[in-house]
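Chemist: One structure coming up, written as structure tokens, with questions to follow.
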Amino acid sequence: MSQNNTFNQETEEETINLRDILEKYLRHWFWFAIGGVLAISIAWVYLRYSIPVYESKASVLIKDDKKGGAIQGLDMFKDLGLMGGSANLENEIEIYRSRTLLEGVAKKLKLNYSLELIGDKSGLIRGEVYDKAPISFEVVGSDSLFYKRKGAFEVAFLNANEFQLSVYDENSLGKFPFGAIIKSPIGRIIINKTADLKEDWFNRSLLLRISPLDDVVTGLQKAITVESASKEAMVLNIGIKGPNIDKNNDIINELIAQHKVDAIEDKNEVASNTSAFINERMKFIAAELSTVEDEGQQYKSKYNLVDVTTDAASYLQKEGVTDQAITETTIQLSLAEFMNSYIQQHQGYSDLLPSNLGFEDQSIAEMINQYNLLVLDRNRLLQNSSEKNPAVQKIEGQLAGLKSSISASLKNSSSALQLQLKKLKAQENLYQSKISSIPQFEREYRDILRQQQIKETLYLYLLQKREENEITLAATVGNTKVVDYAYSNGEPVSPKKKIIYLGAFLLGLILPAGFIYVRDMLDNKVHGLKDIEKFNLPTIGEIPKNEEKGDIIATKHAKSGISEAFRLIRTNINFLLDHEKLGGKVIFVTSTIAGEGKTFTSLNLAHTIANSGKKTVMVGLDLRKPKIDQYAQLEMRPGVSNYIVKHDLTINDMLIKDKVNEHLSYILSGDIPPNPSELLMRDRLTELFDQLKNDFEYIVVDTAPVGLVADTLYTSPMADLVLYVVRANLMDKRMLSIPVSLYKDKKLGNMAVLINGTDLKGKAYGYGYGYGYGYGYGYGTDKPKKKGFFSRFKKN
């Protein structure tokens, strides 16, 4: 626990060095190049076999039929933001996207089946054949059943008269002539050839795909976009995306045409209802007129009258004007009563009200028009939804309000007309009192004549309105105007090549960078001197990774990077040793765990020191797992463990001379004892080192790992310098708490850390400059090995 605290306390916060970060990634430039090329290649393959998608658009102006009459005065509220045409646009958007309308488009264009070209080489579907299809398809039987079926067939063209039909990815149905009735899994079908079936199609295949109509309509709802061009404009932009431009244009244009036809039918429905109302009223009035005429005829016959004139011309003229006013007022009152009666009989919201009846009160006529338009909107929405739809309920609320307003206006108009009629009759009575000299039979006949005139006028009026309604029915136009028919600029909206290539290139760079970043984040290994310097541990240098054969690298004439590294370490050792102290210098080499290269370091360090002419001996003090004899290929002799136990054994009995280096000798560890720790604590070991100090200038000692056993700690007081070997890319940084603790507690005196096995390729500065390319610039006589093109390209 104390070691971990010490380790954490000594860990210094790293400073960010952008150059180091950049060099860390540039060191792996080859992987970035491979990632970029691979990503670009994948993007090319994706673009090669992907089907381009195009967008077609059209613009439609929505004409507001609700404007006009008294409602025009409400335009001032638009400027205040209190009213607008957004509700009408929203209704039109929902209608354009309704399933009923889209189902009509799908049926008209036969969108429930399609022909797709199958690639000759790859077998991948490359696109839809739409405008110049070599075959046509039809079903034998009920269309309603066919619209619910799903299937896929492969049509292989054999010649101009015959083809082979197969269920896609399944069994073949056989060979058939064009126009034959074929029994298929979806029913009986017929495949006919068209004028576009040329020789180019022979030995090629098409995929005939049949889809349920509901699925096609759902796909159209998702593909078609309908939105307002702006908040102020009554213009809708209709768009669709698909792989075929001609098909996209046909769908949008047919959608606009279907909507126009439906709108005209809605308006014709209003005119038809009005015509039926007028015809019904004309029959009733014709019967009343016939009755009045019969009364007049009978009255004339009774009094033998041929022509009735008046003697009081002035009074009669005034009375005639009054009679005309009474007639007109009575007509308006009758219309109001007729309309009010019609409203009372039709309490629902699905029936249209008769329009264009000629009410003098224009507000009533405008409200009737408003009511009919809302009824049409409601009925159209109910085709695709229920009465619980919020839009339907909203319209019903408006209808209820309008119906109430119409009824109230009719009642108010009736009351006003009755008052006016009462005044006119009072005035008429006045005129009649002044023509008292007119015979009674003449007055009675005038009453009959007045009734006849009222009925004739009303009949002629309704006859005129019927003709106007018929003209309106014949000249009905839709409420939309096409601003721009469907068009496409011919540029695919997806996939966008530049964005795909750019994204692939960036992805090719990001993935290697991310991999390197994550690897470095998860990497907790020691890699170089920088990882050691954070803990304020003294360092002596680093040894590059050994890529040569053999264990003895630092020979006398060697020019490799490892040899030069050991020479630099030899120089640094001289600065760490106390040269005023008499006798040979004892250098311990240890590590935390096994496998960090302490024996390799000890052996090559001893050779490097001996190459300088210093009399050197290498002593194996790792009594548990000795390896010097294996590395240096020495014959077995008694060693340190034998010397401690046998007092008659001398140093000369243990010394082994190096076969090449005359200044270097070896003393092996000897036999592996059962109690190494107790053996190393004997005074006999001290005597051994005292004698070696007298006979040699340098004693390099290969000791046991301090992180596993305490053997080295028992013998460390005999050392003048302790080289603590840390293996790069092997040692966990958390285990550095062991050398930090030993250094702080002074359990290993005069300790210096040596990094072994560092990868110095690509380092641009610092210790070990040029190791990756061979140290010894200007020294060598060795001819460089000729490298291949790939190696030279990677290096450059």
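The way I read the labels, and the way they are meant: chains A, B, ... in the order of the structure tokens, residue 1 as the first residue of every chain, and ligand 1 as the first ligand shown, with later ones counted on from there.
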For the alpha helix (DSSP H) assignment from backbone DSSP, which residues of stretch 41-222 of chain A qualify? Please present them as a ChimeraX atom specification.
Modeler: /A:41-49,76-79,86-96,99-109,143-146,213-222
Chemist: Show which residues sit within 12 Å of stretch 490-501 of chain A, as a PyMOL selection string. Count only C-alpha atoms, and ignore same-chain residues fewer than 2 positions away.
Modeler: chain A and resi 36-57+240-246+248-249+487-488+503-508
Chemist: Go ahead and dump the residues you just picked, C-alpha atoms, as a PDB file, in the first residue's frame.
Modeler:
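Written file, selection14.pdb:
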ATOM      1  CA  GLY A  36      -6.776   5.918 -46.939  1.00  0.00           C
ATOM      2  CA  VAL A  37      -6.254   3.739 -50.020  1.00  0.00           C
ATOM      3  CA  LEU A  38      -8.472   0.991 -48.597  1.00  0.00           C
ATOM      4  CA  ALA A  39     -11.244   3.429 -47.668  1.00  0.00           C
ATOM      5  CA  ILE A  40     -11.119   5.099 -51.098  1.00  0.00           C
ATOM      6  CA  SER A  41     -11.255   1.651 -52.737  1.00  0.00           C
ATOM      7  CA  ILE A  42     -14.285   0.658 -50.667  1.00  0.00           C
ATOM      8  CA  ALA A  43     -15.954   3.970 -51.550  1.00  0.00           C
ATOM      9  CA  TRP A  44     -15.257   3.338 -55.249  1.00  0.00           C
ATOM     10  CA  VAL A  45     -16.781  -0.138 -55.046  1.00  0.00           C
ATOM     11  CA  TYR A  46     -19.786   1.260 -53.172  1.00  0.00           C
ATOM     12  CA  LEU A  47     -20.320   3.980 -55.779  1.00  0.00           C
ATOM     13  CA  ARG A  48     -19.758   1.492 -58.589  1.00  0.00           C
ATOM     14  CA  TYR A  49     -22.573  -0.801 -57.493  1.00  0.00           C
ATOM     15  CA  SER A  50     -24.909   1.669 -55.778  1.00  0.00           C
ATOM     16  CA  ILE A  51     -27.999   2.917 -57.589  1.00  0.00           C
ATOM     17  CA  PRO A  52     -28.043   6.728 -57.964  1.00  0.00           C
ATOM     18  CA  VAL A  53     -31.092   8.514 -56.565  1.00  0.00           C
ATOM     19  CA  TYR A  54     -32.528  11.586 -58.303  1.00  0.00           C
ATOM     20  CA  GLU A  55     -34.985  14.193 -57.057  1.00  0.00           C
ATOM     21  CA  SER A  56     -37.869  15.672 -59.025  1.00  0.00           C
ATOM     22  CA  LYS A  57     -39.893  18.693 -57.926  1.00  0.00           C
ATOM     23  CA  ILE A 240     -39.979  12.800 -54.706  1.00  0.00           C
ATOM     24  CA  LYS A 241     -36.690  10.915 -54.718  1.00  0.00           C
ATOM     25  CA  GLY A 242     -36.093   7.770 -56.729  1.00  0.00           C
ATOM     26  CA  PRO A 243     -33.641   6.007 -59.049  1.00  0.00           C
ATOM     27  CA  ASN A 244     -35.513   6.891 -62.273  1.00  0.00           C
ATOM     28  CA  ILE A 245     -36.118  10.497 -63.304  1.00  0.00           C
ATOM     29  CA  ASP A 246     -38.931   9.733 -65.773  1.00  0.00           C
ATOM     30  CA  ASN A 248     -40.378  10.421 -60.571  1.00  0.00           C
ATOM     31  CA  ASN A 249     -41.781  13.018 -62.984  1.00  0.00           C
ATOM     32  CA  TYR A 487     -38.580  18.370 -63.412  1.00  0.00           C
ATOM     33  CA  SER A 488     -35.128  17.209 -62.319  1.00  0.00           C
ATOM     34  CA  GLY A 503     -15.871  10.799 -45.883  1.00  0.00           C
ATOM     35  CA  ALA A 504     -14.041   7.621 -46.899  1.00  0.00           C
ATOM     36  CA  PHE A 505     -10.716   9.435 -46.941  1.00  0.00           C
ATOM     37  CA  LEU A 506     -11.339  10.972 -43.530  1.00  0.00           C
ATOM     38  CA  LEU A 507     -12.522   7.613 -42.212  1.00  0.00           C
ATOM     39  CA  GLY A 508      -9.364   6.025 -43.604  1.00  0.00           C
TER      40      GLY A 508
END
Chemist: One number please: atom CA of A:Asp250 to atom CA of A:Lys481, in Å, one decimal.
Modeler: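 Atom CA of A:Lys481 lies 17.3 Å from atom CA of A:Asp250.
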Chemist: Quick one: residues within 7 Å of A:Lys525, only C-alpha atoms, excluding same-chain residues fewer than 4 positions away - as a list in words?
Modeler: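 Those residues are Asn729, Leu730, Met731, Asp732 and Lys733 of chain A.
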Chemist: Quick one: write out the picked residues with C-alpha atoms as a short mmCIF file (atom, residue, chain, number, x, y, z; two decimals), in the first residue's frame?
Modeler:
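This went into selection_18.cif:
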data_model
loop_
_atom_site.label_atom_id
_atom_site.label_comp_id
_atom_site.auth_asym_id
_atom_site.auth_seq_id
_atom_site.Cartn_x
_atom_site.Cartn_y
_atom_site.Cartn_z
CA ASN A 729 7.19 -2.88 -24.19
CA LEU A 730 7.19 -5.51 -21.40
CA MET A 731 7.35 -3.74 -18.06
CA ASP A 732 4.02 -2.43 -16.75
CA LYS A 733 4.28 1.17 -15.58
#
Chemist: Counting only C-alpha atoms, which residue out of A:Phe146, A:Phe696, A:Phe359, A:Tyr643 sits closest to A:Lys585?
Modeler: A:Phe696
Chemist: Need to verify the contact set: A:Ala336, 12 Å, only C-alpha atoms, exclusion of same-chain residues closer than 5 positions in sequence. Can you return it as a PyMOL selection string?
Modeler: chain A and resi 329-331+341-343+354+357-361+364-365+406-418
Chemist: Next, the residues of the selection above should be written as a short mmCIF file (atom, residue, chain, number, x, y, z; two decimals), in the first residue's frame with N, CA, C and O atoms.
Modeler:
data_model
loop_
_atom_site.label_atom_id
_atom_site.label_comp_id
_atom_site.auth_asym_id
_atom_site.auth_seq_id
_atom_site.Cartn_x
_atom_site.Cartn_y
_atom_site.Cartn_z
N THR A 329 -90.12 41.14 -52.23
CA THR A 329 -89.95 40.84 -50.80
C THR A 329 -90.47 39.45 -50.48
O THR A 329 -89.85 38.69 -49.71
N THR A 330 -91.60 39.10 -51.10
CA THR A 330 -92.16 37.76 -50.87
C THR A 330 -91.22 36.67 -51.37
O THR A 330 -91.06 35.62 -50.74
N ILE A 331 -90.57 36.94 -52.54
CA ILE A 331 -89.61 35.95 -53.09
C ILE A 331 -88.44 35.74 -52.12
O ILE A 331 -88.05 34.61 -51.82
N SER A 341 -85.82 25.71 -43.94
CA SER A 341 -86.45 24.39 -43.88
C SER A 341 -85.46 23.31 -44.32
O SER A 341 -85.40 22.23 -43.73
N TYR A 342 -84.67 23.60 -45.34
CA TYR A 342 -83.67 22.62 -45.83
C TYR A 342 -82.62 22.34 -44.74
O TYR A 342 -82.20 21.21 -44.52
N ILE A 343 -82.18 23.38 -44.07
CA ILE A 343 -81.19 23.21 -43.01
C ILE A 343 -81.76 22.38 -41.87
O ILE A 343 -81.06 21.52 -41.30
N PRO A 354 -77.68 24.22 -50.89
CA PRO A 354 -77.87 24.85 -52.21
C PRO A 354 -77.23 26.23 -52.21
O PRO A 354 -77.34 26.99 -51.25
N LEU A 357 -78.56 30.97 -54.97
CA LEU A 357 -80.01 31.12 -55.08
C LEU A 357 -80.43 32.57 -55.25
O LEU A 357 -81.61 32.85 -55.45
N GLY A 358 -79.49 33.50 -55.12
CA GLY A 358 -79.80 34.90 -55.36
C GLY A 358 -80.24 35.66 -54.14
O GLY A 358 -81.07 36.58 -54.25
N PHE A 359 -79.74 35.32 -52.97
CA PHE A 359 -80.06 36.09 -51.78
C PHE A 359 -79.51 37.50 -51.92
O PHE A 359 -78.35 37.69 -52.33
N GLU A 360 -80.35 38.48 -51.58
CA GLU A 360 -79.87 39.86 -51.62
C GLU A 360 -78.84 40.10 -50.51
O GLU A 360 -77.96 40.93 -50.66
N ASP A 361 -78.97 39.37 -49.43
CA ASP A 361 -77.99 39.45 -48.33
C ASP A 361 -76.76 38.60 -48.72
O ASP A 361 -76.78 37.37 -48.67
N ILE A 364 -75.17 35.89 -46.39
CA ILE A 364 -75.75 34.54 -46.35
C ILE A 364 -75.19 33.68 -47.46
O ILE A 364 -74.81 32.53 -47.26
N ALA A 365 -75.10 34.23 -48.68
CA ALA A 365 -74.56 33.47 -49.81
C ALA A 365 -73.10 33.11 -49.56
O ALA A 365 -72.65 31.98 -49.87
N ILE A 406 -75.72 30.77 -40.28
CA ILE A 406 -76.62 30.82 -41.43
C ILE A 406 -78.08 30.84 -40.94
O ILE A 406 -78.93 31.62 -41.43
N SER A 407 -78.40 29.95 -39.99
CA SER A 407 -79.77 29.91 -39.47
C SER A 407 -80.15 31.24 -38.83
O SER A 407 -81.28 31.76 -39.04
N ALA A 408 -79.23 31.78 -38.04
CA ALA A 408 -79.53 33.06 -37.39
C ALA A 408 -79.74 34.16 -38.43
O ALA A 408 -80.65 35.00 -38.32
N SER A 409 -78.87 34.16 -39.48
CA SER A 409 -79.01 35.18 -40.53
C SER A 409 -80.32 35.02 -41.27
O SER A 409 -80.98 36.00 -41.64
N LEU A 410 -80.71 33.76 -41.53
CA LEU A 410 -81.97 33.52 -42.23
C LEU A 410 -83.16 34.00 -41.39
O LEU A 410 -84.13 34.60 -41.90
N LYS A 411 -83.10 33.73 -40.08
CA LYS A 411 -84.18 34.19 -39.20
C LYS A 411 -84.25 35.72 -39.15
O LYS A 411 -85.33 36.33 -39.22
N ASN A 412 -83.08 36.34 -39.03
CA ASN A 412 -83.05 37.81 -39.00
C ASN A 412 -83.56 38.38 -40.32
O ASN A 412 -84.31 39.38 -40.36
N SER A 413 -83.15 37.74 -41.41
CA SER A 413 -83.60 38.22 -42.73
C SER A 413 -85.12 38.04 -42.88
O SER A 413 -85.82 38.92 -43.41
N SER A 414 -85.63 36.88 -42.39
CA SER A 414 -87.08 36.65 -42.47
C SER A 414 -87.85 37.70 -41.67
O SER A 414 -88.89 38.23 -42.12
N SER A 415 -87.33 38.00 -40.47
CA SER A 415 -88.01 39.00 -39.63
C SER A 415 -88.01 40.36 -40.32
O SER A 415 -89.04 41.08 -40.36
N ALA A 416 -86.89 40.73 -40.89
CA ALA A 416 -86.80 42.02 -41.57
C ALA A 416 -87.72 42.06 -42.79
O ALA A 416 -88.40 43.08 -43.07
N LEU A 417 -87.76 40.96 -43.53
CA LEU A 417 -88.61 40.91 -44.72
C LEU A 417 -90.09 40.96 -44.35
O LEU A 417 -90.91 41.58 -45.07
N GLN A 418 -90.45 40.30 -43.24
CA GLN A 418 -91.84 40.34 -42.80
C GLN A 418 -92.27 41.76 -42.41
O GLN A 418 -93.38 42.23 -42.73
#
Chemist: Any idea what the distance is between atom CA of A:Gly541 and atom CA of A:Asn611?
Modeler: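 So the answer is 19.2 Å.
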Chemist: Applying 7 Å and only C-alpha atoms, which residues near stretch 139-141 of chain A remain after dropping the ones on its own chain fewer than 5 positions away? List them as a ChimeraX atom specification.
Modeler: /A:188-190
Chemist: Just all heavy atoms for this one: save the residues we selected as a PDB file, in the first residue's frame.
Modeler:
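Result went into out.pdb, see below:
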ATOM      1  N   ARG A 188     -52.658 -16.420 -62.417  1.00  0.00           N
ATOM      2  CA  ARG A 188     -52.422 -16.485 -63.851  1.00  0.00           C
ATOM      3  C   ARG A 188     -51.999 -15.102 -64.369  1.00  0.00           C
ATOM      4  O   ARG A 188     -52.684 -14.107 -64.119  1.00  0.00           O
ATOM      5  CB  ARG A 188     -53.676 -16.974 -64.567  1.00  0.00           C
ATOM      6  CG  ARG A 188     -54.042 -18.424 -64.241  1.00  0.00           C
ATOM      7  CD  ARG A 188     -55.187 -18.914 -65.110  1.00  0.00           C
ATOM      8  NE  ARG A 188     -56.389 -18.107 -64.910  1.00  0.00           N
ATOM      9  CZ  ARG A 188     -57.464 -18.168 -65.705  1.00  0.00           C
ATOM     10  NH1 ARG A 188     -57.454 -18.977 -66.760  1.00  0.00           N
ATOM     11  NH2 ARG A 188     -58.509 -17.429 -65.447  1.00  0.00           N
ATOM     12  N   ILE A 189     -50.898 -15.091 -65.098  1.00  0.00           N
ATOM     13  CA  ILE A 189     -50.334 -13.841 -65.587  1.00  0.00           C
ATOM     14  C   ILE A 189     -50.023 -13.967 -67.070  1.00  0.00           C
ATOM     15  O   ILE A 189     -49.941 -15.070 -67.619  1.00  0.00           O
ATOM     16  CB  ILE A 189     -49.055 -13.451 -64.820  1.00  0.00           C
ATOM     17  CG1 ILE A 189     -47.979 -14.534 -64.987  1.00  0.00           C
ATOM     18  CG2 ILE A 189     -49.354 -13.204 -63.349  1.00  0.00           C
ATOM     19  CD1 ILE A 189     -46.654 -14.172 -64.353  1.00  0.00           C
ATOM     20  N   ILE A 190     -49.853 -12.827 -67.721  1.00  0.00           N
ATOM     21  CA  ILE A 190     -49.490 -12.764 -69.136  1.00  0.00           C
ATOM     22  C   ILE A 190     -48.333 -11.788 -69.277  1.00  0.00           C
ATOM     23  O   ILE A 190     -48.393 -10.663 -68.754  1.00  0.00           O
ATOM     24  CB  ILE A 190     -50.673 -12.314 -70.013  1.00  0.00           C
ATOM     25  CG1 ILE A 190     -51.832 -13.301 -69.906  1.00  0.00           C
ATOM     26  CG2 ILE A 190     -50.240 -12.163 -71.465  1.00  0.00           C
ATOM     27  CD1 ILE A 190     -53.065 -12.857 -70.685  1.00  0.00           C
TER      28      ILE A 190
END
Chemist: Could you jot down the atom CA of A:Asn253 to atom CA of A:Asp214 separation for me, Å, one decimal place?
Modeler: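 Computed distance, atom CA of A:Asn253 to atom CA of A:Asp214, equals 20.7 Å.
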Chemist: Here is a test: counting only C-alpha atoms, which residue of A:Leu421, A:Leu692, A:Leu576, A:Met367 is nearest to A:Leu723?
Modeler: A:Leu576
Chemist: Residues at most 12 Å from stretch 658-662 of chain A, counting only C-alpha atoms, excluding those fewer than 5 positions away in the same chain, as a tab-separated table (two decimals) with N, CA, C and O atoms, in the first residue's frame?
Modeler:
chain	number	residue	atom	x	y	z
A	552	ILE	N	25.69	-12.11	-27.95
A	552	ILE	CA	26.84	-11.21	-27.77
A	552	ILE	C	26.89	-10.30	-28.98
A	552	ILE	O	27.31	-10.70	-30.07
A	554	ALA	N	27.90	-6.71	-28.66
A	554	ALA	CA	28.88	-5.63	-28.50
A	554	ALA	C	30.30	-6.18	-28.62
A	554	ALA	O	31.09	-6.16	-27.67
A	555	THR	N	30.65	-6.68	-29.81
A	555	THR	CA	32.02	-7.13	-30.04
A	555	THR	C	32.91	-5.93	-30.32
A	555	THR	O	32.44	-4.79	-30.45
A	556	LYS	N	34.17	-6.17	-30.47
A	556	LYS	CA	35.15	-5.08	-30.54
A	556	LYS	C	34.97	-4.23	-31.77
A	556	LYS	O	35.08	-2.99	-31.70
A	557	HIS	N	34.70	-4.83	-32.91
A	557	HIS	CA	34.59	-4.06	-34.16
A	557	HIS	C	33.15	-3.91	-34.64
A	557	HIS	O	32.92	-3.56	-35.79
A	603	LEU	N	26.12	-9.30	-20.05
A	603	LEU	CA	27.09	-9.93	-20.92
A	603	LEU	C	27.67	-8.93	-21.91
A	603	LEU	O	28.90	-8.84	-22.09
A	604	ASN	N	26.83	-8.14	-22.58
A	604	ASN	CA	27.31	-7.20	-23.57
A	604	ASN	C	28.01	-6.01	-22.92
A	604	ASN	O	28.95	-5.44	-23.50
A	606	ALA	N	29.79	-6.23	-20.15
A	606	ALA	CA	31.13	-6.75	-19.81
A	606	ALA	C	32.03	-6.77	-21.04
A	606	ALA	O	33.22	-6.41	-20.97
A	607	HIS	N	31.51	-7.18	-22.18
A	607	HIS	CA	32.29	-7.17	-23.41
A	607	HIS	C	32.69	-5.76	-23.80
A	607	HIS	O	33.83	-5.52	-24.24
A	608	THR	N	31.76	-4.81	-23.66
A	608	THR	CA	32.08	-3.43	-24.04
A	608	THR	C	33.17	-2.85	-23.17
A	608	THR	O	34.09	-2.17	-23.66
A	609	ILE	N	33.12	-3.12	-21.85
A	609	ILE	CA	34.15	-2.60	-20.96
A	609	ILE	C	35.49	-3.27	-21.25
A	609	ILE	O	36.55	-2.62	-21.29
A	610	ALA	N	35.44	-4.59	-21.49
A	610	ALA	CA	36.68	-5.31	-21.79
A	610	ALA	C	37.28	-4.86	-23.11
A	610	ALA	O	38.52	-4.88	-23.28
A	611	ASN	N	36.44	-4.47	-24.08
A	611	ASN	CA	36.95	-3.99	-25.37
A	611	ASN	C	37.77	-2.72	-25.23
A	611	ASN	O	38.59	-2.40	-26.10
A	612	SER	N	37.55	-1.98	-24.16
A	612	SER	CA	38.32	-0.76	-23.93
A	612	SER	C	39.66	-1.04	-23.26
A	612	SER	O	40.38	-0.10	-22.91
A	613	GLY	N	40.01	-2.32	-23.07
A	613	GLY	CA	41.29	-2.69	-22.48
A	613	GLY	C	41.26	-2.85	-20.99
A	613	GLY	O	42.30	-3.08	-20.36
A	614	LYS	N	40.08	-2.74	-20.38
A	614	LYS	CA	39.96	-2.91	-18.93
A	614	LYS	C	39.80	-4.39	-18.62
A	614	LYS	O	39.05	-5.11	-19.27
A	615	LYS	N	40.51	-4.81	-17.58
A	615	LYS	CA	40.42	-6.21	-17.16
A	615	LYS	C	39.09	-6.39	-16.44
A	615	LYS	O	38.83	-5.78	-15.41
A	616	THR	N	38.25	-7.24	-17.02
A	616	THR	CA	36.86	-7.34	-16.59
A	616	THR	C	36.50	-8.79	-16.33
A	616	THR	O	36.97	-9.69	-17.04
A	617	VAL	N	35.67	-8.99	-15.33
A	617	VAL	CA	35.14	-10.31	-15.05
A	617	VAL	C	33.62	-10.19	-14.91
A	617	VAL	O	33.11	-9.22	-14.33
A	618	MET	N	32.94	-11.16	-15.46
A	618	MET	CA	31.48	-11.21	-15.31
A	618	MET	C	31.13	-12.33	-14.37
A	618	MET	O	31.52	-13.48	-14.57
A	629	ASP	N	26.12	-19.29	-18.92
A	629	ASP	CA	26.75	-20.36	-19.70
A	629	ASP	C	26.02	-20.59	-21.03
A	629	ASP	O	26.65	-20.91	-22.04
A	632	ALA	N	26.83	-17.25	-23.31
A	632	ALA	CA	28.22	-17.17	-23.78
A	632	ALA	C	28.74	-18.51	-24.28
A	632	ALA	O	29.90	-18.59	-24.72
A	633	GLN	N	27.90	-19.56	-24.23
A	633	GLN	CA	28.27	-20.91	-24.70
A	633	GLN	C	29.57	-21.38	-24.02
A	633	GLN	O	30.58	-21.71	-24.64
A	634	LEU	N	29.52	-21.39	-22.67
A	634	LEU	CA	30.70	-21.78	-21.87
A	634	LEU	C	30.51	-23.19	-21.35
A	634	LEU	O	29.40	-23.67	-21.15
A	635	GLU	N	31.64	-23.82	-21.10
A	635	GLU	CA	31.62	-25.15	-20.50
A	635	GLU	C	31.35	-25.02	-19.00
A	635	GLU	O	31.71	-24.02	-18.38
A	667	ILE	N	32.80	-15.96	-14.29
A	667	ILE	CA	32.59	-16.84	-13.14
A	667	ILE	C	31.11	-17.17	-13.12
A	667	ILE	O	30.26	-16.29	-12.97
Chemist: What's around stretch 625-628 of chain A at 9 Å? Count only C-alpha atoms, leave out sequence neighbours fewer than 2 positions away in its own chain, and write the answer as a list in words.
Modeler: Thr599, Phe600, Leu603, Met618, Val619, Gly620, Leu621, Asp622, Leu623, Gln630, Tyr631, Ala632, Gln633, Leu634, Tyr666, Ile667, Leu668, Ser669, Gly670, Ile672, Asp702 and Ala704 of chain A
Chemist: Assign secondary structure with DSSP using the backbone only, and return the residues of stretch 592-633 of chain A in strand (DSSP E) as a ChimeraX atom specification.
Modeler: /A:616-620
